[in-house]
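Participant: You'll find model_10.txt just under this line, and it carries compact mmCIF, N, CA and C atoms.
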# COMPACT_ATOMS: atom_id res chain seq x y z
N MET A 1 0.85 -1.18 0.00
CA MET A 1 0.00 0.00 0.00
C MET A 1 0.90 1.25 0.00
N PRO A 2 0.61 2.23 -0.87
CA PRO A 2 1.44 3.43 -0.93
C PRO A 2 1.25 4.28 0.32
N ALA A 3 2.29 5.07 0.62
CA ALA A 3 2.23 5.98 1.77
C ALA A 3 1.17 7.05 1.51
N PRO A 4 0.49 7.53 2.56
CA PRO A 4 -0.57 8.52 2.35
C PRO A 4 -0.06 9.90 1.94
N PHE A 5 1.20 10.17 2.21
CA PHE A 5 1.77 11.47 1.86
C PHE A 5 3.03 11.26 1.03
N PRO A 6 3.33 12.22 0.15
CA PRO A 6 4.58 12.09 -0.62
C PRO A 6 5.78 12.22 0.32
N ALA A 7 6.90 11.72 -0.14
CA ALA A 7 8.14 11.80 0.66
C ALA A 7 8.48 13.26 0.92
N ALA A 8 9.04 13.53 2.09
CA ALA A 8 9.43 14.89 2.46
C ALA A 8 10.55 15.39 1.55
N LYS A 9 10.50 16.67 1.24
CA LYS A 9 11.57 17.31 0.46
C LYS A 9 12.19 18.38 1.34
N PHE A 10 13.50 18.43 1.31
CA PHE A 10 14.21 19.39 2.12
C PHE A 10 14.95 20.37 1.23
N GLN A 11 15.02 21.62 1.70
CA GLN A 11 15.71 22.64 0.94
C GLN A 11 17.18 22.29 0.82
N SER A 12 17.73 22.49 -0.34
CA SER A 12 19.15 22.25 -0.57
C SER A 12 19.88 23.58 -0.53
N PHE A 13 21.02 23.60 0.12
CA PHE A 13 21.82 24.81 0.16
C PHE A 13 23.05 24.68 -0.73
N LYS A 14 22.96 23.79 -1.69
CA LYS A 14 24.04 23.60 -2.64
C LYS A 14 24.27 24.90 -3.41
N GLU A 15 25.49 25.30 -3.50
CA GLU A 15 25.84 26.55 -4.19
C GLU A 15 25.66 26.39 -5.69
N ILE A 16 24.85 27.25 -6.30
CA ILE A 16 24.66 27.18 -7.75
C ILE A 16 25.05 28.49 -8.42
N SER A 17 25.60 29.42 -7.66
CA SER A 17 26.01 30.70 -8.20
C SER A 17 27.25 30.54 -9.08
N THR A 18 27.35 31.37 -10.12
CA THR A 18 28.49 31.33 -11.02
C THR A 18 29.07 32.73 -11.19
N PRO A 19 29.75 33.26 -10.16
CA PRO A 19 30.25 34.64 -10.23
C PRO A 19 31.20 34.90 -11.39
N GLY A 20 31.94 33.89 -11.85
CA GLY A 20 32.87 34.08 -12.95
C GLY A 20 32.20 34.40 -14.27
N LYS A 21 30.92 34.13 -14.38
CA LYS A 21 30.20 34.39 -15.62
C LYS A 21 29.50 35.75 -15.64
N ILE A 22 29.57 36.47 -14.54
CA ILE A 22 28.84 37.72 -14.43
C ILE A 22 29.38 38.78 -15.38
N ARG A 23 30.68 39.00 -15.38
CA ARG A 23 31.27 40.07 -16.20
C ARG A 23 30.90 39.93 -17.68
N PRO A 24 31.07 38.76 -18.31
CA PRO A 24 30.69 38.67 -19.73
C PRO A 24 29.20 38.84 -19.97
N ARG A 25 28.38 38.39 -19.03
CA ARG A 25 26.93 38.56 -19.20
C ARG A 25 26.54 40.03 -19.10
N ILE A 26 27.13 40.75 -18.17
CA ILE A 26 26.85 42.18 -18.05
C ILE A 26 27.35 42.92 -19.29
N LYS A 27 28.51 42.54 -19.78
CA LYS A 27 29.04 43.17 -20.99
C LYS A 27 28.08 42.97 -22.17
N ARG A 28 27.54 41.76 -22.31
CA ARG A 28 26.59 41.47 -23.39
C ARG A 28 25.29 42.24 -23.20
N LEU A 29 24.79 42.30 -21.96
CA LEU A 29 23.56 43.05 -21.70
C LEU A 29 23.77 44.53 -22.02
N ARG A 30 24.91 45.08 -21.65
CA ARG A 30 25.17 46.49 -21.94
C ARG A 30 25.28 46.74 -23.44
N ALA A 31 25.80 45.79 -24.18
CA ALA A 31 25.82 45.92 -25.64
C ALA A 31 24.40 45.93 -26.19
N LEU A 32 23.54 45.09 -25.63
CA LEU A 32 22.13 45.07 -26.05
C LEU A 32 21.42 46.37 -25.67
N LEU A 33 21.77 46.94 -24.52
CA LEU A 33 21.20 48.24 -24.14
C LEU A 33 21.55 49.27 -25.21
N HIS A 34 22.81 49.30 -25.59
CA HIS A 34 23.27 50.25 -26.60
C HIS A 34 22.55 50.02 -27.94
N GLU A 35 22.46 48.76 -28.36
CA GLU A 35 21.81 48.42 -29.63
C GLU A 35 20.34 48.83 -29.65
N ASN A 36 19.69 48.81 -28.48
CA ASN A 36 18.25 49.09 -28.40
C ASN A 36 17.95 50.48 -27.84
N ASP A 37 18.96 51.33 -27.79
CA ASP A 37 18.78 52.71 -27.33
C ASP A 37 18.15 52.77 -25.94
N LEU A 38 18.64 51.92 -25.03
CA LEU A 38 18.16 51.90 -23.66
C LEU A 38 19.27 52.37 -22.72
N ASP A 39 18.88 52.94 -21.60
CA ASP A 39 19.85 53.42 -20.61
C ASP A 39 19.98 52.48 -19.43
N GLY A 40 19.06 51.54 -19.31
CA GLY A 40 19.11 50.60 -18.20
C GLY A 40 18.12 49.47 -18.42
N PHE A 41 18.22 48.47 -17.53
CA PHE A 41 17.32 47.33 -17.61
C PHE A 41 17.05 46.81 -16.21
N LEU A 42 15.81 46.41 -15.95
CA LEU A 42 15.40 45.87 -14.66
C LEU A 42 15.34 44.35 -14.75
N VAL A 43 15.93 43.68 -13.76
CA VAL A 43 15.91 42.22 -13.71
C VAL A 43 15.42 41.80 -12.33
N PRO A 44 14.16 41.36 -12.22
CA PRO A 44 13.64 40.94 -10.92
C PRO A 44 13.85 39.45 -10.68
N HIS A 45 13.68 39.05 -9.44
CA HIS A 45 13.56 37.63 -9.13
C HIS A 45 12.06 37.36 -9.19
N ALA A 46 11.58 37.02 -10.36
CA ALA A 46 10.14 36.82 -10.55
C ALA A 46 9.91 36.06 -11.83
N ASP A 47 8.73 35.49 -11.92
CA ASP A 47 8.25 34.94 -13.18
C ASP A 47 6.85 35.51 -13.41
N ALA A 48 6.24 35.12 -14.48
CA ALA A 48 4.92 35.67 -14.83
C ALA A 48 3.86 35.32 -13.80
N HIS A 49 4.11 34.31 -12.97
CA HIS A 49 3.14 33.88 -11.97
C HIS A 49 3.40 34.48 -10.59
N ARG A 50 4.46 35.30 -10.49
CA ARG A 50 4.83 35.99 -9.25
C ARG A 50 5.20 35.01 -8.13
N GLY A 51 5.68 33.84 -8.49
CA GLY A 51 6.08 32.85 -7.50
C GLY A 51 7.44 33.16 -6.90
N GLU A 52 7.68 32.67 -5.70
CA GLU A 52 8.98 32.86 -5.06
C GLU A 52 9.96 31.77 -5.45
N SER A 53 9.47 30.55 -5.61
CA SER A 53 10.32 29.43 -6.03
C SER A 53 10.24 29.32 -7.54
N LEU A 54 11.33 29.64 -8.20
CA LEU A 54 11.32 29.69 -9.65
C LEU A 54 11.97 28.45 -10.26
N PRO A 55 11.43 27.98 -11.38
CA PRO A 55 12.14 26.92 -12.09
C PRO A 55 13.45 27.49 -12.65
N GLU A 56 14.40 26.64 -12.89
CA GLU A 56 15.72 27.07 -13.37
C GLU A 56 15.62 27.98 -14.59
N SER A 57 14.70 27.70 -15.49
CA SER A 57 14.56 28.49 -16.72
C SER A 57 14.09 29.92 -16.46
N GLU A 58 13.61 30.22 -15.27
CA GLU A 58 13.08 31.55 -14.96
C GLU A 58 14.00 32.34 -14.01
N ARG A 59 15.16 31.83 -13.70
CA ARG A 59 16.05 32.48 -12.73
C ARG A 59 16.93 33.54 -13.39
N ARG A 60 16.30 34.58 -13.87
CA ARG A 60 17.00 35.65 -14.58
C ARG A 60 17.98 36.39 -13.67
N LEU A 61 17.53 36.68 -12.46
CA LEU A 61 18.38 37.43 -11.53
C LEU A 61 19.65 36.64 -11.20
N ALA A 62 19.51 35.35 -10.96
CA ALA A 62 20.68 34.51 -10.69
C ALA A 62 21.59 34.46 -11.91
N HIS A 63 21.02 34.41 -13.09
CA HIS A 63 21.80 34.33 -14.32
C HIS A 63 22.66 35.59 -14.51
N ILE A 64 22.06 36.76 -14.31
CA ILE A 64 22.79 38.00 -14.60
C ILE A 64 23.68 38.44 -13.45
N SER A 65 23.31 38.10 -12.20
CA SER A 65 24.07 38.62 -11.06
C SER A 65 24.81 37.55 -10.26
N GLY A 66 24.41 36.30 -10.39
CA GLY A 66 24.98 35.24 -9.57
C GLY A 66 24.25 35.04 -8.26
N PHE A 67 23.38 35.96 -7.89
CA PHE A 67 22.65 35.90 -6.62
C PHE A 67 21.51 34.90 -6.71
N THR A 68 21.47 33.94 -5.77
CA THR A 68 20.48 32.86 -5.84
C THR A 68 19.40 32.94 -4.78
N GLY A 69 19.32 34.03 -4.03
CA GLY A 69 18.28 34.17 -3.02
C GLY A 69 16.89 34.20 -3.64
N SER A 70 15.87 34.10 -2.79
CA SER A 70 14.49 34.00 -3.29
C SER A 70 13.80 35.34 -3.45
N ALA A 71 14.51 36.43 -3.28
CA ALA A 71 13.93 37.76 -3.48
C ALA A 71 15.04 38.73 -3.82
N GLY A 72 14.76 39.64 -4.74
CA GLY A 72 15.75 40.64 -5.10
C GLY A 72 15.45 41.23 -6.45
N GLN A 73 16.23 42.23 -6.79
CA GLN A 73 16.07 42.90 -8.08
C GLN A 73 17.39 43.55 -8.45
N ALA A 74 17.74 43.48 -9.73
CA ALA A 74 18.93 44.16 -10.23
C ALA A 74 18.51 45.27 -11.18
N ILE A 75 19.27 46.34 -11.13
CA ILE A 75 19.13 47.42 -12.10
C ILE A 75 20.50 47.57 -12.73
N ILE A 76 20.55 47.38 -14.04
CA ILE A 76 21.81 47.48 -14.76
C ILE A 76 21.70 48.66 -15.71
N THR A 77 22.63 49.59 -15.61
CA THR A 77 22.69 50.71 -16.55
C THR A 77 23.93 50.53 -17.41
N CYS A 78 24.17 51.48 -18.26
CA CYS A 78 25.32 51.38 -19.17
C CYS A 78 26.66 51.43 -18.43
N ASN A 79 26.68 51.99 -17.21
CA ASN A 79 27.96 52.06 -16.50
C ASN A 79 27.88 51.73 -15.01
N LYS A 80 26.72 51.41 -14.50
CA LYS A 80 26.56 51.04 -13.09
C LYS A 80 25.56 49.90 -12.98
N ALA A 81 25.62 49.23 -11.83
CA ALA A 81 24.64 48.17 -11.58
C ALA A 81 24.42 48.06 -10.08
N ALA A 82 23.19 47.81 -9.70
CA ALA A 82 22.84 47.64 -8.29
C ALA A 82 22.01 46.37 -8.13
N LEU A 83 22.25 45.71 -7.01
CA LEU A 83 21.49 44.51 -6.65
C LEU A 83 20.80 44.81 -5.34
N PHE A 84 19.46 44.84 -5.36
CA PHE A 84 18.66 45.15 -4.19
C PHE A 84 18.17 43.86 -3.55
N VAL A 85 18.49 43.68 -2.26
CA VAL A 85 18.07 42.49 -1.53
C VAL A 85 17.52 42.92 -0.18
N ASP A 86 16.72 42.05 0.43
CA ASP A 86 16.24 42.37 1.77
C ASP A 86 17.24 41.85 2.81
N GLY A 87 16.94 42.12 4.07
CA GLY A 87 17.85 41.81 5.16
C GLY A 87 18.27 40.36 5.28
N ARG A 88 17.50 39.46 4.71
CA ARG A 88 17.87 38.03 4.77
C ARG A 88 19.13 37.73 3.96
N TYR A 89 19.44 38.60 3.00
CA TYR A 89 20.48 38.27 2.03
C TYR A 89 21.67 39.23 2.04
N THR A 90 21.81 40.05 3.06
CA THR A 90 22.91 41.03 3.06
C THR A 90 24.28 40.38 3.13
N MET A 91 24.37 39.17 3.65
CA MET A 91 25.66 38.47 3.66
C MET A 91 25.81 37.59 2.42
N GLN A 92 24.74 36.97 1.99
CA GLN A 92 24.79 36.05 0.84
C GLN A 92 25.07 36.78 -0.47
N ALA A 93 24.38 37.87 -0.71
CA ALA A 93 24.47 38.56 -2.01
C ALA A 93 25.90 38.99 -2.35
N PRO A 94 26.64 39.65 -1.45
CA PRO A 94 28.00 40.05 -1.81
C PRO A 94 28.94 38.86 -2.06
N MET A 95 28.64 37.72 -1.45
CA MET A 95 29.47 36.54 -1.66
C MET A 95 29.19 35.89 -3.01
N GLN A 96 27.99 36.09 -3.55
CA GLN A 96 27.61 35.42 -4.78
C GLN A 96 27.78 36.27 -6.03
N THR A 97 27.88 37.56 -5.89
CA THR A 97 27.98 38.41 -7.06
C THR A 97 29.36 39.04 -7.14
N ASP A 98 29.64 39.69 -8.23
CA ASP A 98 30.89 40.43 -8.40
C ASP A 98 30.63 41.85 -7.91
N THR A 99 31.14 42.17 -6.72
CA THR A 99 30.88 43.49 -6.14
C THR A 99 31.68 44.60 -6.82
N ARG A 100 32.54 44.24 -7.76
CA ARG A 100 33.18 45.27 -8.59
C ARG A 100 32.20 45.76 -9.65
N ILE A 101 31.17 44.96 -9.92
CA ILE A 101 30.15 45.33 -10.90
C ILE A 101 28.88 45.79 -10.20
N PHE A 102 28.41 44.98 -9.25
CA PHE A 102 27.15 45.26 -8.56
C PHE A 102 27.38 45.90 -7.20
N GLN A 103 26.69 47.00 -6.97
CA GLN A 103 26.59 47.58 -5.64
C GLN A 103 25.42 46.85 -4.97
N VAL A 104 25.68 46.17 -3.85
CA VAL A 104 24.63 45.44 -3.16
C VAL A 104 24.00 46.37 -2.14
N LEU A 105 22.68 46.55 -2.25
CA LEU A 105 21.94 47.48 -1.40
C LEU A 105 20.78 46.76 -0.72
N GLU A 106 20.57 47.09 0.55
CA GLU A 106 19.49 46.47 1.31
C GLU A 106 18.22 47.31 1.22
N THR A 107 17.12 46.63 0.93
CA THR A 107 15.82 47.29 0.96
C THR A 107 15.22 47.04 2.35
N PRO A 108 14.41 47.87 2.86
CA PRO A 108 13.84 49.08 2.27
C PRO A 108 14.69 50.34 2.47
N GLU A 109 15.86 50.23 3.13
CA GLU A 109 16.69 51.42 3.33
C GLU A 109 17.06 52.08 2.01
N HIS A 110 17.27 51.26 0.98
CA HIS A 110 17.61 51.77 -0.35
C HIS A 110 16.48 51.38 -1.29
N ASP A 111 15.93 52.37 -1.94
CA ASP A 111 14.78 52.18 -2.82
C ASP A 111 15.25 52.16 -4.28
N PRO A 112 14.85 51.15 -5.05
CA PRO A 112 15.26 51.10 -6.46
C PRO A 112 14.86 52.35 -7.25
N GLY A 113 13.68 52.90 -7.01
CA GLY A 113 13.26 54.11 -7.72
C GLY A 113 14.17 55.29 -7.42
N THR A 114 14.56 55.44 -6.18
CA THR A 114 15.48 56.51 -5.81
C THR A 114 16.84 56.29 -6.45
N TRP A 115 17.30 55.04 -6.46
CA TRP A 115 18.58 54.73 -7.09
C TRP A 115 18.55 55.12 -8.57
N ILE A 116 17.46 54.81 -9.25
CA ILE A 116 17.33 55.15 -10.66
C ILE A 116 17.37 56.67 -10.84
N ARG A 117 16.62 57.39 -10.01
CA ARG A 117 16.61 58.85 -10.12
C ARG A 117 18.00 59.44 -9.86
N ASN A 118 18.78 58.82 -9.00
CA ASN A 118 20.12 59.33 -8.68
C ASN A 118 21.18 58.93 -9.69
N HIS A 119 20.93 57.92 -10.52
CA HIS A 119 21.96 57.42 -11.42
C HIS A 119 21.63 57.56 -12.91
N LEU A 120 20.41 57.97 -13.22
CA LEU A 120 20.03 58.18 -14.62
C LEU A 120 19.45 59.57 -14.80
N GLU A 121 19.63 60.11 -15.95
CA GLU A 121 19.10 61.43 -16.28
C GLU A 121 17.59 61.36 -16.51
N PRO A 122 16.87 62.45 -16.24
CA PRO A 122 15.44 62.48 -16.58
C PRO A 122 15.28 62.17 -18.08
N GLY A 123 14.27 61.40 -18.40
CA GLY A 123 14.02 61.02 -19.79
C GLY A 123 14.78 59.78 -20.23
N SER A 124 15.54 59.18 -19.33
CA SER A 124 16.26 57.95 -19.67
C SER A 124 15.25 56.84 -19.96
N ARG A 125 15.66 55.91 -20.78
CA ARG A 125 14.79 54.79 -21.16
C ARG A 125 15.27 53.52 -20.46
N ILE A 126 14.35 52.88 -19.73
CA ILE A 126 14.69 51.68 -18.97
C ILE A 126 13.86 50.52 -19.52
N GLY A 127 14.54 49.46 -19.90
CA GLY A 127 13.86 48.29 -20.41
C GLY A 127 13.44 47.36 -19.28
N PHE A 128 12.35 46.64 -19.50
CA PHE A 128 11.88 45.65 -18.54
C PHE A 128 10.89 44.73 -19.24
N ASP A 129 10.71 43.56 -18.67
CA ASP A 129 9.73 42.62 -19.19
C ASP A 129 8.42 42.87 -18.44
N PRO A 130 7.38 43.35 -19.10
CA PRO A 130 6.14 43.69 -18.39
C PRO A 130 5.46 42.49 -17.73
N TRP A 131 5.79 41.28 -18.13
CA TRP A 131 5.21 40.09 -17.51
C TRP A 131 5.79 39.84 -16.12
N LEU A 132 6.91 40.48 -15.82
CA LEU A 132 7.63 40.20 -14.57
C LEU A 132 7.48 41.28 -13.52
N HIS A 133 6.68 42.30 -13.78
CA HIS A 133 6.51 43.41 -12.87
C HIS A 133 5.03 43.72 -12.68
N THR A 134 4.69 44.19 -11.49
CA THR A 134 3.32 44.63 -11.25
C THR A 134 3.15 46.05 -11.75
N ILE A 135 1.95 46.51 -11.86
CA ILE A 135 1.69 47.88 -12.32
C ILE A 135 2.32 48.88 -11.36
N SER A 136 2.25 48.63 -10.06
CA SER A 136 2.81 49.58 -9.09
C SER A 136 4.34 49.64 -9.16
N GLN A 137 4.96 48.57 -9.58
CA GLN A 137 6.42 48.60 -9.73
C GLN A 137 6.82 49.49 -10.87
Re-express the file's structure as structure tokens.
Facilitator:
Amino acid sequence: MPAPFPAAKFQSFKEISTPGKIRPRIKRLRALLHENDLDGFLVPHADAHRGESLPESERRLAHISGFTGSAGQAIITCNKAALFVDGRYTMQAPMQTDTRIFQVLETPEHDPGTWIRNHLEPGSRIGFDPWLHTISQ
């Protein structure tokens, strides 16, 4: 007779970050910004369903920054980049990303909108995937 409940699954803390791949990925993204007349790009830890646990194919933030936490957002401009994380990840994020590229900032003390206003000129164009952001974002 089968067990009444599925086998327990435990969270794995296996490191999957690839910090050595960050620099070439940022270089390629910045080339795409230039090609598309954009001044920046937003990369959230999100998928179209707004889930916290993402399948590997939806881990955009981990791909571009190396950060594997379950919440965060990156803003990449033509010459600067910031990684916004909450208090759970203030130690993890700097260990997983290239801090020569990404400034790691803790929310809510640092607001992404304020960072954008301080680092981009008025009228700048910022790319984003509308499926990955709410209207209020």
Participant: Run DSSP on the backbone and grab whatever in chain A lands in strand (DSSP E); send it over as a list of chain:residue names.
Facilitator: A:Gly40, A:Phe41, A:Leu42, A:Val43, A:Pro44, A:Gln73, A:Ala74, A:Ile75, A:Ile76, A:Thr77, A:Ala81, A:Ala82, A:Leu83, A:Phe84, A:Val85, A:Phe102, A:Gln103, A:Val104, A:Leu105, A:Glu106, A:Ile126, A:Gly127
Participant: Would you pick out the contacts of Phe128 (chain A) at 8 Å or less, using only N, CA and C atoms, so that residues sharing its chain but fewer than 5 positions from it are not included, and give the list as a PyMOL selection string?
Facilitator: chain A and resi 40-44+133
Participant: Keeping N, CA and C atoms for every residue in the selection just given, could you write it to a file as a JSON list (two decimals), keeping the file's coordinate frame?
Facilitator:
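Dumped everything to result-v2.json:
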[["chain", "number", "residue", "atom", "x", "y", "z"],
["A", 40, "GLY", "N", 19.06, 51.54, -19.31],
["A", 40, "GLY", "CA", 19.11, 50.60, -18.20],
["A", 40, "GLY", "C", 18.12, 49.47, -18.42],
["A", 41, "PHE", "N", 18.22, 48.47, -17.53],
["A", 41, "PHE", "CA", 17.32, 47.33, -17.61],
["A", 41, "PHE", "C", 17.05, 46.81, -16.21],
["A", 42, "LEU", "N", 15.81, 46.41, -15.95],
["A", 42, "LEU", "CA", 15.40, 45.87, -14.66],
["A", 42, "LEU", "C", 15.34, 44.35, -14.75],
["A", 43, "VAL", "N", 15.93, 43.68, -13.76],
["A", 43, "VAL", "CA", 15.91, 42.22, -13.71],
["A", 43, "VAL", "C", 15.42, 41.80, -12.33],
["A", 44, "PRO", "N", 14.16, 41.36, -12.22],
["A", 44, "PRO", "CA", 13.64, 40.94, -10.92],
["A", 44, "PRO", "C", 13.85, 39.45, -10.68],
["A", 133, "HIS", "N", 6.68, 42.30, -13.78],
["A", 133, "HIS", "CA", 6.51, 43.41, -12.87],
["A", 133, "HIS", "C", 5.03, 43.72, -12.68]]
Participant: Just how far from CA of His63 (chain A) is CA of Thr18 (chain A), in Å to one decimal?
Facilitator: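 Spanning CA of Thr18 (chain A) to CA of His63 (chain A) is a straight-line distance of 8.0 Å.
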Participant: Atom C of Leu38 (chain A) to CA of Ile126 (chain A): how many Å, to one decimal?
Facilitator: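 Computing the Euclidean distance for atom C of Leu38 (chain A) and CA of Ile126 (chain A) yields 6.0 Å.
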Participant: Could you tell me which of A:Leu120, A:Arg23, A:Arg28, A:Val104 comes closest to Ala82 (chain A) if we count only N, CA and C atoms?
Facilitator: A:Val104
Participant: Counting only N, CA and C atoms, which residue out of A:Ala7, A:Phe67, A:Ile116, A:Gly127 sits closest to Ala93 (chain A)?
Facilitator: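 For Ala93 (chain A), the nearest of the given residues is A:Phe67.
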